[in-house]
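Participant: Next up, coords_20.txt (compact mmCIF, C-alpha atoms and all ligand atoms).
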# COMPACT_ATOMS: atom_id res chain seq x y z
CA MET A 1 50.34 46.34 -211.38
CA SER A 2 53.68 45.42 -212.88
CA ASP A 3 54.32 42.11 -211.25
CA ASP A 4 56.77 40.43 -213.57
CA HIS A 5 57.66 38.39 -210.56
CA VAL A 6 55.23 36.76 -208.17
CA TYR A 7 57.20 37.88 -205.12
CA MET A 8 56.42 41.44 -206.06
CA THR A 9 52.73 40.82 -205.51
CA LEU A 10 53.51 40.28 -201.84
CA ALA A 11 54.79 43.80 -201.43
CA GLU A 12 51.71 45.39 -202.95
CA GLY A 13 49.64 45.50 -199.84
CA HIS A 14 46.64 43.31 -200.38
CA GLU A 15 44.69 43.83 -197.22
CA ASP A 16 44.25 40.13 -196.44
CA ASP A 17 47.86 39.33 -197.23
CA THR A 18 50.08 40.70 -194.49
CA ARG A 19 53.20 38.76 -195.33
CA TRP A 20 56.34 40.77 -195.75
CA ALA A 21 58.89 38.40 -197.24
CA TYR A 22 59.22 35.30 -199.32
CA GLY A 23 58.64 32.13 -197.33
CA THR A 24 56.62 33.84 -194.64
CA GLY A 25 52.97 33.38 -193.85
CA PHE A 26 52.91 29.60 -193.93
CA GLU A 27 49.42 28.38 -194.39
CA ASP A 28 47.71 25.03 -194.37
CA PRO A 29 49.46 23.03 -197.08
CA LEU A 30 46.22 21.09 -197.61
CA GLN A 31 44.21 24.26 -198.19
CA GLY A 32 41.10 23.47 -200.19
CA VAL A 33 41.58 19.71 -200.11
CA ASP A 34 38.43 17.73 -199.34
CA THR A 35 38.75 16.87 -195.65
CA ASP A 36 36.22 14.04 -195.36
CA VAL A 37 37.28 10.69 -193.94
CA PRO A 38 35.88 7.83 -196.05
CA ASP A 39 33.44 5.39 -194.49
CA GLY A 40 35.14 2.43 -192.91
CA VAL A 41 38.39 4.31 -192.21
CA ASP A 42 39.11 4.73 -188.49
CA ALA A 43 39.92 8.42 -188.08
CA GLN A 44 42.13 7.95 -185.02
CA GLU A 45 44.14 5.17 -186.66
CA LEU A 46 44.54 7.26 -189.78
CA ALA A 47 45.71 10.27 -187.74
CA ALA A 48 48.19 8.14 -185.79
CA LEU A 49 49.59 6.71 -189.02
CA CYS A 50 49.97 10.18 -190.53
CA VAL A 51 51.78 11.46 -187.42
CA THR A 52 54.12 8.48 -187.46
CA LEU A 53 55.03 9.02 -191.10
CA ALA A 54 55.37 12.76 -190.55
CA ASP A 55 57.63 12.31 -187.52
CA ASP A 56 59.97 10.07 -189.53
CA ALA A 57 60.16 12.74 -192.22
CA LEU A 58 60.53 15.75 -189.92
CA VAL A 59 63.32 14.24 -187.84
CA SER A 60 65.13 13.07 -190.99
CA ALA A 61 64.76 16.50 -192.56
CA GLN A 62 66.30 18.10 -189.48
CA ARG A 63 69.32 15.76 -189.63
CA LEU A 64 69.76 16.39 -193.35
CA ALA A 65 69.60 20.14 -192.78
CA GLU A 66 72.47 19.80 -190.28
CA TRP A 67 74.75 18.98 -193.23
CA THR A 68 74.28 22.51 -194.55
CA THR A 69 77.71 24.22 -194.46
CA ARG A 70 79.30 20.92 -193.42
CA ALA A 71 79.00 18.68 -196.49
CA PRO A 72 82.18 17.62 -198.32
CA GLU A 73 81.19 19.51 -201.47
CA LEU A 74 78.66 22.16 -202.39
CA GLU A 75 76.81 19.76 -204.71
CA GLU A 76 76.30 17.27 -201.88
CA GLU A 77 75.15 19.98 -199.53
CA VAL A 78 72.57 21.09 -202.06
CA ALA A 79 71.47 17.50 -202.65
CA LEU A 80 71.08 16.72 -198.94
CA ALA A 81 69.21 19.98 -198.33
CA ASN A 82 66.85 19.27 -201.24
CA ILE A 83 66.14 15.77 -199.97
CA GLY A 84 65.44 17.23 -196.54
CA LEU A 85 63.10 19.79 -198.09
CA ASP A 86 61.11 17.07 -199.86
CA LEU A 87 60.75 15.22 -196.54
CA LEU A 88 59.77 18.39 -194.73
CA GLY A 89 57.07 18.94 -197.35
CA GLN A 90 55.80 15.40 -196.81
CA ALA A 91 55.76 16.00 -193.05
CA ARG A 92 53.74 19.21 -193.44
CA LEU A 93 51.09 17.51 -195.57
CA LEU A 94 50.88 14.53 -193.21
CA TYR A 95 50.63 16.63 -190.01
CA SER A 96 47.91 18.69 -191.64
CA ARG A 97 46.02 15.56 -192.58
CA ALA A 98 46.36 14.25 -189.00
CA GLY A 99 45.00 17.51 -187.63
CA GLN A 100 42.01 17.35 -189.96
CA VAL A 101 40.96 13.86 -188.93
CA ASP A 102 41.94 13.39 -185.26
CA GLY A 103 39.24 15.76 -184.02
CA THR A 104 41.62 18.25 -182.44
CA GLY A 105 41.83 20.59 -185.41
CA ARG A 106 45.52 21.09 -184.67
CA GLY A 107 47.70 22.67 -187.33
CA GLU A 108 51.07 21.36 -188.47
CA ASP A 109 52.99 23.56 -186.01
CA ALA A 110 51.26 21.98 -183.01
CA TYR A 111 52.67 18.60 -183.97
CA ALA A 112 56.11 19.78 -185.03
CA TYR A 113 56.88 22.32 -182.30
CA PHE A 114 54.76 21.56 -179.29
CA ARG A 115 55.26 17.89 -178.58
CA ASP A 116 58.09 16.47 -176.49
CA ALA A 117 60.40 13.61 -177.42
CA GLY A 118 58.22 10.99 -175.73
CA GLU A 119 55.31 11.99 -177.96
CA PHE A 120 57.27 11.54 -181.18
CA ARG A 121 56.75 8.24 -182.99
CA ASN A 122 59.62 8.29 -185.46
CA VAL A 123 61.89 5.27 -185.86
CA ARG A 124 65.14 5.63 -183.97
CA LEU A 125 67.16 5.24 -187.16
CA ALA A 126 66.02 8.74 -188.18
CA GLU A 127 67.20 10.48 -184.99
CA LEU A 128 70.73 9.05 -184.79
CA PRO A 129 73.40 11.75 -185.17
CA ASN A 130 74.74 12.27 -188.68
CA GLY A 131 78.16 10.77 -187.96
CA ASP A 132 80.44 10.91 -190.99
CA PHE A 133 79.30 11.21 -194.60
CA ALA A 134 79.35 7.42 -195.00
CA PHE A 135 76.98 6.95 -192.08
CA SER A 136 74.59 9.61 -193.36
CA ILE A 137 74.58 8.01 -196.82
CA VAL A 138 73.99 4.50 -195.49
CA ARG A 139 71.24 5.73 -193.19
CA LEU A 140 69.62 7.62 -196.08
CA LEU A 141 69.86 4.52 -198.26
CA VAL A 142 68.07 2.40 -195.68
CA PHE A 143 65.54 5.08 -194.79
CA SER A 144 64.61 6.06 -198.34
CA SER A 145 64.40 2.42 -199.52
CA TRP A 146 62.13 1.61 -196.62
CA ARG A 147 59.97 4.70 -196.95
CA LEU A 148 59.68 4.22 -200.71
CA ALA A 149 58.52 0.61 -200.29
CA HIS A 150 56.06 1.76 -197.65
CA PHE A 151 54.71 4.67 -199.70
CA GLU A 152 54.22 2.45 -202.77
CA ARG A 153 51.73 0.50 -200.67
CA LEU A 154 50.18 3.58 -199.05
CA ALA A 155 49.41 4.98 -202.50
CA ALA A 156 46.52 2.49 -202.48
CA HIS A 157 45.30 3.55 -199.01
CA ARG A 158 41.55 3.98 -198.62
CA ASP A 159 42.03 7.55 -197.44
CA PRO A 160 42.41 9.49 -200.69
CA VAL A 161 44.44 12.29 -199.09
CA LEU A 162 47.04 9.95 -197.58
CA ALA A 163 47.08 7.96 -200.84
CA ALA A 164 47.77 11.13 -202.84
CA ILE A 165 50.52 12.29 -200.45
CA ALA A 166 52.13 8.86 -200.76
CA ALA A 167 51.85 8.73 -204.56
CA LYS A 168 53.61 12.07 -204.77
CA GLY A 169 56.20 10.97 -202.22
CA VAL A 170 57.07 7.85 -204.22
CA LYS A 171 58.48 9.97 -207.04
CA GLU A 172 60.59 12.01 -204.63
CA LEU A 173 61.82 9.06 -202.60
CA ALA A 174 62.94 7.26 -205.75
CA TYR A 175 65.33 10.18 -206.35
CA HIS A 176 66.53 10.08 -202.72
CA ARG A 177 67.23 6.37 -202.87
CA GLN A 178 69.02 6.74 -206.20
CA TYR A 179 71.31 9.41 -204.73
CA ALA A 180 72.12 7.38 -201.63
CA ALA A 181 72.61 4.13 -203.56
CA GLU A 182 75.03 5.70 -206.03
CA TRP A 183 77.07 7.22 -203.20
CA ALA A 184 77.06 3.95 -201.23
CA VAL A 185 78.50 2.14 -204.25
CA ARG A 186 81.07 4.88 -204.84
CA LEU A 187 82.18 4.82 -201.20
CA GLY A 188 82.13 1.04 -200.80
CA ASP A 189 83.99 0.55 -204.06
CA GLY A 190 86.25 3.56 -203.46
CA THR A 191 89.35 3.90 -201.31
CA GLU A 192 90.32 1.66 -198.44
CA GLU A 193 89.24 4.38 -196.03
CA SER A 194 85.84 5.02 -197.65
CA HIS A 195 85.23 1.26 -197.80
CA ARG A 196 86.09 0.88 -194.12
CA ARG A 197 83.83 3.73 -193.09
CA THR A 198 80.90 2.53 -195.18
CA ARG A 199 81.26 -0.96 -193.79
CA ARG A 200 81.27 0.45 -190.28
CA ALA A 201 78.16 2.51 -191.10
CA LEU A 202 76.34 -0.65 -192.18
CA GLU A 203 77.22 -2.21 -188.83
CA GLN A 204 75.98 0.91 -187.04
CA VAL A 205 72.57 0.95 -188.71
CA ALA A 206 72.08 -2.82 -188.31
CA PRO A 207 70.51 -2.70 -184.81
CA TYR A 208 67.87 -0.25 -186.03
CA LEU A 209 66.68 -2.28 -189.00
CA GLY A 210 64.38 -4.54 -186.99
CA GLU A 211 62.26 -1.55 -186.00
CA LEU A 212 61.58 -0.77 -189.65
CA PHE A 213 60.30 -4.19 -190.52
CA THR A 214 57.85 -4.92 -187.73
CA ALA A 215 54.66 -3.22 -188.76
CA TYR A 216 54.63 -3.41 -192.52
CA ASP A 217 55.26 -5.94 -195.16
CA VAL A 218 58.06 -4.10 -196.87
CA ARG A 219 61.01 -6.06 -195.57
CA ASP A 220 61.64 -8.21 -198.63
CA GLU A 221 61.68 -5.25 -200.97
CA VAL A 222 64.11 -3.30 -198.77
CA VAL A 223 66.38 -6.29 -198.27
CA ALA A 224 66.47 -6.83 -202.04
CA VAL A 225 67.57 -3.22 -202.59
CA LEU A 226 70.20 -3.40 -199.85
CA SER A 227 71.55 -6.66 -201.33
CA GLN A 228 71.74 -5.07 -204.76
CA VAL A 229 73.65 -2.06 -203.43
CA THR A 230 76.01 -3.90 -201.08
CA GLU A 231 76.88 -6.39 -203.82
CA ALA A 232 77.69 -3.60 -206.27
CA ALA A 233 79.71 -1.85 -203.54
CA GLY A 234 81.63 -4.94 -202.46
CA LEU A 235 80.21 -4.63 -198.95
CA PRO A 236 78.67 -7.22 -196.64
CA MET A 237 74.94 -7.16 -195.96
CA PRO A 238 74.19 -5.83 -192.48
CA VAL A 239 73.14 -8.55 -190.08
CA TYR A 240 70.46 -7.17 -187.82
CA ARG A 241 69.45 -8.27 -184.38
CA PRO A 242 66.53 -6.79 -182.55
CA LEU A 243 67.20 -3.87 -180.23
CA PRO A 244 64.88 -3.49 -177.24
CA GLY A 245 62.39 -0.61 -177.30
CA SER A 246 60.74 1.12 -180.21
CA GLY A 247 60.55 4.69 -181.44
CA ARG A 248 57.03 3.84 -182.57
CA ALA A 249 56.13 3.52 -178.87
CA GLY A 250 57.83 6.81 -178.01
CA GLU A 251 60.98 5.08 -176.73
CA HIS A 252 63.86 7.04 -178.19
CA THR A 253 67.61 7.30 -177.96
CA GLU A 254 69.19 10.15 -175.99
CA HIS A 255 69.73 11.93 -179.32
CA LEU A 256 66.13 12.94 -180.06
CA ALA A 257 65.61 15.47 -177.25
CA PRO A 258 68.57 17.71 -178.24
CA LEU A 259 67.47 17.54 -181.88
CA LEU A 260 63.99 18.70 -180.92
CA ALA A 261 65.37 21.40 -178.63
CA GLU A 262 67.07 22.97 -181.63
CA LEU A 263 64.11 22.42 -183.94
CA GLN A 264 61.53 23.78 -181.50
CA GLY A 265 63.47 26.46 -179.61
CA VAL A 266 62.32 29.54 -181.52
CA ALA A 267 58.70 28.45 -181.83
CA ARG A 268 58.49 27.74 -178.09
CA ALA A 269 60.18 30.99 -177.10
CA HIS A 270 57.68 32.93 -179.22
CA PRO A 271 54.55 30.80 -179.25
CA GLU A 272 52.37 33.56 -180.66
CA ALA A 273 54.75 34.53 -183.43
CA THR A 274 53.78 34.11 -187.05
CA TRP A 275 56.20 33.82 -189.93
CA MET B 1 24.84 32.42 -217.52
CA VAL B 2 26.64 33.54 -220.66
CA THR B 3 28.26 36.29 -218.65
CA THR B 4 29.42 33.74 -216.11
CA LEU B 5 31.00 31.56 -218.78
CA LEU B 6 32.78 34.49 -220.34
CA ASP B 7 33.86 35.66 -216.94
CA ALA B 8 35.19 32.22 -216.02
CA ARG B 9 37.15 32.16 -219.25
CA ARG B 10 38.59 35.59 -218.55
CA ALA B 11 39.46 34.56 -214.98
CA ARG B 12 41.22 31.52 -216.34
CA ARG B 13 43.30 33.60 -218.75
CA ILE B 14 44.33 35.88 -215.89
CA ALA B 15 45.31 33.01 -213.60
CA GLU B 16 47.20 31.34 -216.44
CA GLN B 17 49.47 34.34 -216.82
CA VAL B 18 50.79 34.31 -213.23
CA PRO B 19 54.54 33.64 -213.34
CA ASP B 20 56.11 30.77 -211.46
CA PRO B 21 58.19 32.11 -208.53
CA GLU B 22 61.13 29.74 -209.12
CA LEU B 23 61.09 29.73 -212.92
CA PRO B 24 59.71 33.21 -213.63
CA MET B 25 60.06 32.81 -217.39
CA LEU B 26 57.20 30.30 -217.13
CA THR B 27 53.59 30.98 -216.31
CA LEU B 28 51.72 28.63 -214.02
CA ALA B 29 49.93 27.36 -217.13
CA ASP B 30 53.27 26.66 -218.88
CA LEU B 31 54.41 24.69 -215.83
CA GLY B 32 51.20 22.68 -215.74
CA VAL B 33 50.41 23.42 -212.08
CA LEU B 34 47.20 25.35 -212.76
CA ARG B 35 44.73 22.50 -213.02
CA GLU B 36 41.40 24.25 -213.25
CA VAL B 37 39.69 27.62 -213.00
CA SER B 38 35.93 27.76 -212.61
CA MET B 39 33.34 30.13 -211.28
CA ASP B 40 30.68 29.38 -208.71
CA PRO B 41 27.16 30.75 -209.26
CA ASP B 42 27.82 33.38 -206.56
CA GLY B 43 30.78 34.70 -208.56
CA THR B 44 33.55 33.08 -206.52
CA VAL B 45 36.47 32.13 -208.74
CA VAL B 46 37.84 28.71 -207.80
CA ALA B 47 41.40 28.06 -208.96
CA SER B 48 42.98 24.64 -208.45
CA LEU B 49 46.75 24.31 -208.17
CA THR B 50 48.92 21.23 -207.79
CA PRO B 51 52.38 21.34 -206.15
CA THR B 52 55.38 20.23 -208.20
CA TYR B 53 57.18 18.74 -205.17
CA SER B 54 55.81 18.12 -201.66
CA GLY B 55 58.32 20.55 -200.20
CA CYS B 56 58.04 23.18 -202.91
CA PRO B 57 58.34 26.44 -200.94
CA ALA B 58 56.89 28.35 -203.88
CA MET B 59 53.45 26.84 -203.42
CA ALA B 60 52.31 29.56 -201.00
CA GLU B 61 53.61 32.22 -203.40
CA MET B 62 51.74 30.65 -206.30
CA ARG B 63 48.51 30.72 -204.32
CA ALA B 64 49.10 34.32 -203.28
CA GLY B 65 50.00 35.29 -206.84
CA VAL B 66 46.85 33.81 -208.34
CA ALA B 67 44.60 35.29 -205.66
CA ALA B 68 46.19 38.74 -205.97
CA ARG B 69 45.97 38.83 -209.78
CA LEU B 70 42.35 37.79 -209.77
CA LYS B 71 41.43 40.33 -207.12
CA ASP B 72 43.18 43.07 -209.04
CA ALA B 73 41.23 42.00 -212.12
CA GLY B 74 37.97 42.60 -210.32
CA TYR B 75 37.12 39.24 -208.80
CA PRO B 76 36.67 39.96 -205.08
CA ARG B 77 35.96 36.35 -204.10
CA VAL B 78 38.73 33.91 -204.91
CA GLU B 79 39.18 30.43 -203.55
CA ILE B 80 42.39 28.47 -204.14
CA ARG B 81 42.21 24.69 -203.93
CA THR B 82 45.12 22.30 -203.66
CA VAL B 83 44.94 19.25 -205.89
CA LEU B 84 47.23 16.39 -204.90
CA ASP B 85 45.85 13.70 -207.15
CA PRO B 86 47.06 12.95 -209.75
CA PRO B 87 50.54 14.12 -208.73
CA TRP B 88 52.30 16.66 -210.92
CA THR B 89 54.57 15.30 -213.60
CA SER B 90 57.14 17.19 -215.65
CA ASP B 91 55.24 15.87 -218.71
CA TRP B 92 52.68 18.59 -217.97
CA ILE B 93 55.13 21.36 -218.88
CA THR B 94 53.66 22.65 -222.14
CA PRO B 95 55.57 22.85 -225.46
CA GLU B 96 55.51 26.63 -225.01
CA GLY B 97 56.98 26.20 -221.52
CA ARG B 98 59.74 23.96 -222.86
CA ARG B 99 60.60 26.49 -225.53
CA LYS B 100 60.83 29.28 -222.93
CA LEU B 101 63.03 27.16 -220.64
CA ALA B 102 65.49 26.44 -223.46
CA GLU B 103 65.47 30.10 -224.44
CA HIS B 104 66.54 30.96 -220.90
CA GLY B 105 69.38 28.45 -220.84
CA ILE B 106 67.54 25.71 -218.95
CA ALA B 107 67.26 22.31 -220.61
CA PRO B 108 63.66 21.04 -220.57
CA PRO B 109 62.86 17.57 -219.21
CA GLY B 110 62.53 14.44 -221.31
CA ALA B 111 59.58 12.09 -220.89
CA ALA B 112 58.92 11.09 -217.28
CA PRO B 113 59.72 7.44 -216.51
CA ALA B 114 56.71 5.20 -217.07
CA ARG B 115 55.59 3.74 -213.78
CA ALA B 116 55.02 0.00 -214.09
CA ALA B 117 53.19 -1.99 -211.42
CA GLY B 118 55.29 -3.31 -208.55
CA PRO B 119 58.35 -1.85 -206.81
CA VAL B 120 60.20 1.08 -208.37
CA PRO B 121 63.37 -0.56 -209.73
CA LEU B 122 66.78 0.71 -208.62
CA VAL B 123 69.14 1.05 -211.57
CA LEU B 124 72.80 1.33 -210.59
CA SER B 125 74.40 1.30 -214.03
CA PRO B 126 74.79 4.84 -215.38
CA ILE B 127 71.54 5.98 -216.94
CA ARG B 128 72.20 7.45 -220.36
CA ARG B 129 70.12 10.50 -220.95
CA SER B 130 70.64 12.64 -223.98
CA VAL B 131 70.39 16.18 -222.73
CA THR B 132 71.07 18.83 -225.31
CA CYS B 133 73.00 21.94 -224.28
CA PRO B 134 70.50 24.81 -224.33
CA ARG B 135 73.27 27.24 -225.33
CA CYS B 136 75.08 25.57 -228.22
CA GLY B 137 72.87 22.59 -229.01
CA SER B 138 75.59 20.00 -228.46
CA ALA B 139 74.57 16.58 -227.15
CA ASP B 140 78.01 16.15 -225.58
CA THR B 141 76.89 16.92 -222.03
CA GLU B 142 77.21 15.38 -218.58
CA GLU B 143 75.45 15.59 -215.23
CA THR B 144 77.39 17.30 -212.44
CA SER B 145 74.71 17.09 -209.73
CA ARG B 146 71.31 15.43 -209.55
CA PHE B 147 70.11 18.29 -207.34
CA ALA B 148 70.36 22.03 -207.88
CA ALA B 149 69.07 25.31 -206.46
CA THR B 150 65.50 24.00 -206.50
CA SER B 151 64.12 20.47 -206.22
CA CYS B 152 62.92 20.43 -209.80
CA LYS B 153 66.33 20.99 -211.40
CA ALA B 154 69.65 19.18 -211.84
CA LEU B 155 73.05 20.63 -212.77
CA TRP B 156 74.71 19.68 -216.05
CA ARG B 157 77.60 20.92 -218.08
CA CYS B 158 78.32 21.04 -221.76
CA LEU B 159 81.61 19.49 -222.90
CA ALA B 160 81.49 21.34 -226.21
CA CYS B 161 80.99 24.97 -225.12
CA ARG B 162 82.14 24.27 -221.51
CA GLU B 163 79.15 26.10 -220.02
CA PRO B 164 77.25 24.74 -217.03
CA PHE B 165 73.47 24.71 -217.30
CA GLU B 166 70.40 23.66 -215.38
CA TYR B 167 68.09 20.90 -216.44
CA VAL B 168 64.51 20.32 -215.29
CA LYS B 169 64.32 16.74 -214.04
CA GLU B 170 61.82 14.19 -215.23
CA ILE B 171 59.44 13.29 -212.46
ZN ZN C 1 77.03 23.87 -225.05
Would you mind writing the file out in structure tokens?
Ligand SMILES: [Zn+2]

Facilitator:
Amino acid sequence: MSDDHVYMTLAEGHEDDTRWAYGTGFEDPLQGVDTDVPDGVDAQELAALCVTLADDALVSAQRLAEWTTRAPELEEEVALANIGLDLLGQARLLYSRAGQVDGTGRGEDAYAYFRDAGEFRNVRLAELPNGDFAFSIVRLLVFSSWRLAHFERLAAHRDPVLAAIAAKGVKELAYHRQYAAEWAVRLGDGTEESHRRTRRALEQVAPYLGELFTAYDVRDEVVAVLSQVTEAAGLPMPVYRPLPGSGRAGEHTEHLAPLLAELQGVARAHPEATW
Amino acid sequence: MVTTLLDARRARRIAEQVPDPELPMLTLADLGVLREVSMDPDGTVVASLTPTYSGCPAMAEMRAGVAARLKDAGYPRVEIRTVLDPPWTSDWITPEGRRKLAEHGIAPPGAAPARAAGPVPLVLSPIRRSVTCPRCGSADTEETSRFAATSCKALWRCLACREPFEYVKEI
């Protein structure tokens, strides 16, 4: 066998490996991970938490992927796609963990492709349309700061699998936040037009901030980061007021269903297909 | 028993030589993602791999590569385990791996940031990293993009020889 390259091994016809191209044959991303739930951890609560965190990541990843071929520069397109890929990876691990512990034995695809909008538990901030580049950057800044603060705490969760997923995610999210923060400063401190658009973006995300701060004690950390960035950017801090409803209760904006239609279309048209 | 130990060692050497799909000049051992290879009493080889990034699409290929190599080497029963804890760090890239990266025009990572207790700080002032150009050795280099073709790399350019190059990020 002359496999100088791993991909070549795929073409060499191992009987239990029927994949035909790179990226096909997705398998359980938690393969071989100890699946036990520790004593004292409520399996249903753990599963619900994993689904919630996965939904945030999956919906965000889909929005980030929409920038592909539309970003202002190739470098930004690559950056946004990479950030989306990290989040998609987090979602896959979290859905798999949920399926292990909620008693249904569902795989990641069941959660991602075969639930309707009302069953998704992501925060509404994640599903809002991309808007302009300033809005996407401001949304990413808020989202990654919030998720990072949350994951720092989850790294000490009593479930070792969730804790490990979170500990890994912290490193990735720190890069995401850094990217968004640097762009927010550049835009806020840039031209009159970029300043105006970034300021408007802050006003647009403001109503969705309350939803992020209800369930977990991460508010102070996120507010500190937002203050640091807005000060460096010469922008005002967003003033948030609560918006009725909650994505966490399955109450979404009108934007989620079309997003899911695109995300789920192929899988639903060919439910038996493997790739 | 002695046979088993020798066999486990041989299995480990085989698994270690599997190339990384994204950085094929590196083996999985060079990259530090092959955490352990052992052999169960029934002869099953158990290889433990850790992903570099959560979304690393190469993970499935790494698993397939290790399993295929071991089967070809005469180990019919192979089990691949995923290890998430502790998370992969670029510090695990071996000196040999770093040398190979540089040889192929990719700047190896510096030391990963030490993680203190409490929130991860956000630093907005430009972070000075001294990245040496893997082509000409000049330290007169600058970052052009924090993200590149794969999650683990950034794009840089050399101001001395004017060549762009990739750089494996510290994580
Ligand atoms: Zn140079």

Participant: Taking into account all atoms listed in the file, which residue in the set B:Tyr75, B:Trp156, B:Tyr53, B:Trp88 is nearest to ligand ZN 1 (chain C)?

Facilitator: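 Between B:Tyr75, B:Trp156, B:Tyr53, B:Trp88, the residue approaching ligand ZN 1 (chain C) most closely is B:Trp156.
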
Participant: Which residues form the shell of 12 Å around ligand ZN 1 (chain C) when you count all atoms listed in the file, given as a list of chain:residue names?

Facilitator: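 Those within range of ligand ZN 1 (chain C) are B:Ala102, B:Gly105, B:Ile106, B:Ala107, B:Val131, B:Thr132, B:Cys133, B:Pro134, B:Arg135, B:Cys136, B:Gly137, B:Ser138, B:Ala139, B:Asp140, B:Thr141, B:Glu142, B:Trp156, B:Arg157, B:Cys158, B:Leu159, B:Ala160, B:Cys161, B:Arg162, B:Glu163, B:Pro164, B:Phe165, B:Glu166.
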
Participant: Select all residues from chain A having any atom no more than 7 Å from an atom of chain B (counting all atoms listed in the file, ignoring ligands), output as a PDB file with C-alpha atoms, in the coordinates of the input.

Facilitator:
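Listing of result_15.pdb after writing:
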ATOM      1  CA  HIS A   5      57.660  38.390-210.560  1.00  0.00           C
ATOM      2  CA  VAL A   6      55.230  36.760-208.170  1.00  0.00           C
ATOM      3  CA  TYR A   7      57.200  37.880-205.120  1.00  0.00           C
ATOM      4  CA  THR A   9      52.730  40.820-205.510  1.00  0.00           C
ATOM      5  CA  GLY A  23      58.640  32.130-197.330  1.00  0.00           C
ATOM      6  CA  LEU A  30      46.220  21.090-197.610  1.00  0.00           C
ATOM      7  CA  GLN A  31      44.210  24.260-198.190  1.00  0.00           C
ATOM      8  CA  GLY A  32      41.100  23.470-200.190  1.00  0.00           C
ATOM      9  CA  VAL A  33      41.580  19.710-200.110  1.00  0.00           C
ATOM     10  CA  GLU A  75      76.810  19.760-204.710  1.00  0.00           C
ATOM     11  CA  VAL A  78      72.570  21.090-202.060  1.00  0.00           C
ATOM     12  CA  ALA A  79      71.470  17.500-202.650  1.00  0.00           C
ATOM     13  CA  ASN A  82      66.850  19.270-201.240  1.00  0.00           C
ATOM     14  CA  LEU A  85      63.100  19.790-198.090  1.00  0.00           C
ATOM     15  CA  ASP A  86      61.110  17.070-199.860  1.00  0.00           C
ATOM     16  CA  LEU A  87      60.750  15.220-196.540  1.00  0.00           C
ATOM     17  CA  LEU A  88      59.770  18.390-194.730  1.00  0.00           C
ATOM     18  CA  GLY A  89      57.070  18.940-197.350  1.00  0.00           C
ATOM     19  CA  GLN A  90      55.800  15.400-196.810  1.00  0.00           C
ATOM     20  CA  ALA A 149      58.520   0.610-200.290  1.00  0.00           C
ATOM     21  CA  ALA A 164      47.770  11.130-202.840  1.00  0.00           C
ATOM     22  CA  ILE A 165      50.520  12.290-200.450  1.00  0.00           C
ATOM     23  CA  ALA A 167      51.850   8.730-204.560  1.00  0.00           C
ATOM     24  CA  LYS A 168      53.610  12.070-204.770  1.00  0.00           C
ATOM     25  CA  LYS A 171      58.480   9.970-207.040  1.00  0.00           C
ATOM     26  CA  GLN A 178      69.020   6.740-206.200  1.00  0.00           C
ATOM     27  CA  GLU A 182      75.030   5.700-206.030  1.00  0.00           C
TER      28      GLU A 182
END

Participant: Applying 6 Å and only C-alpha atoms, which residues near stretch 244-249 of chain A remain after dropping the ones on its own chain fewer than 6 positions away? List them as a compact mmCIF listing (two decimals) with C-alpha atoms, keeping the file's coordinate frame.

Facilitator:
# COMPACT_ATOMS: atom_id res chain seq x y z
CA ARG A 121 56.75 8.24 -182.99
CA ASN A 122 59.62 8.29 -185.46
CA VAL A 123 61.89 5.27 -185.86
CA ARG A 124 65.14 5.63 -183.97

Participant: To one decimal place in Å, what is the distance between atom CA of A:Ala71 and atom CA of A:Phe135?

Facilitator: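 If I compute the distance from atom CA of A:Ala71 to atom CA of A:Phe135, I get 12.7 Å.
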
Participant: What's the separation between atom CA of A:Val205 and atom CA of A:Ala112, in Å to one decimal place?

Facilitator: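 Separation of atom CA of A:Val205 and atom CA of A:Ala112: 25.3 Å.
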
Participant: Using all atoms listed in the file, determine which residues lie at most 12 Å from B:Gly110, disregarding the query and same-chain residues fewer than 4 positions distant; provide the list as a ChimeraX atom specification.

Facilitator: /B:89-93,95,98,114,128-132,167-171

Participant: Provide the atom CA of A:Ala267 to atom CA of A:Tyr113 distance in Å, to one decimal place.

Facilitator: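 According to the coordinates, atom CA of A:Ala267 and atom CA of A:Tyr113 are separated by 6.4 Å.
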
Participant: May I ask which of the residues A:Tyr208, A:Gly250, A:Arg268, A:His176 is the closest one to A:Phe114, counting all atoms listed in the file?

Facilitator: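 For A:Phe114, the nearest of the given residues is A:Arg268.
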
Participant: Write out as a CSV table (one decimal) with C-alpha atoms, keeping the file's coordinate frame each polymer residue whose atoms come within 7 Å of A:Val170, counting all atoms listed in the file; drop sequence neighbours fewer than 5 positions from it.

Facilitator:
chain,number,residue,atom,x,y,z
A,148,LEU,CA,59.7,4.2,-200.7
A,151,PHE,CA,54.7,4.7,-199.7
A,152,GLU,CA,54.2,2.4,-202.8

Participant: So that I can see what lies close to A:Val229, please list as a PyMOL selection string the residues with an atom at most 12 Å from it, counting all atoms listed in the file and leaving out residues fewer than 6 positions away in the same chain.

Facilitator: (chain A and resi 138+141-142+145+177-189+198+202+222-223+235-238) or (chain B and resi 122-125)

Participant: So which residues touch A:Leu128 within 12 Å, counting only C-alpha atoms, skipping near sequence neighbours fewer than 5 positions away, as a ChimeraX atom specification?

Facilitator: /A:56,59-60,62-64,122-123,135-136,139-140,143,201,204-205,207-208,247,252-259

Participant: Enclose all atoms of stretch 39-45 of chain B listed in the file in an axis-aligned box, grow every side by 5 Å, and hand back centre and edge lengths in Å to one decimal, as JSON.

Facilitator:
{"center_x": 31.8, "center_y": 32.0, "center_z": -208.9, "size_x": 19.3, "size_y": 15.3, "size_z": 14.8}
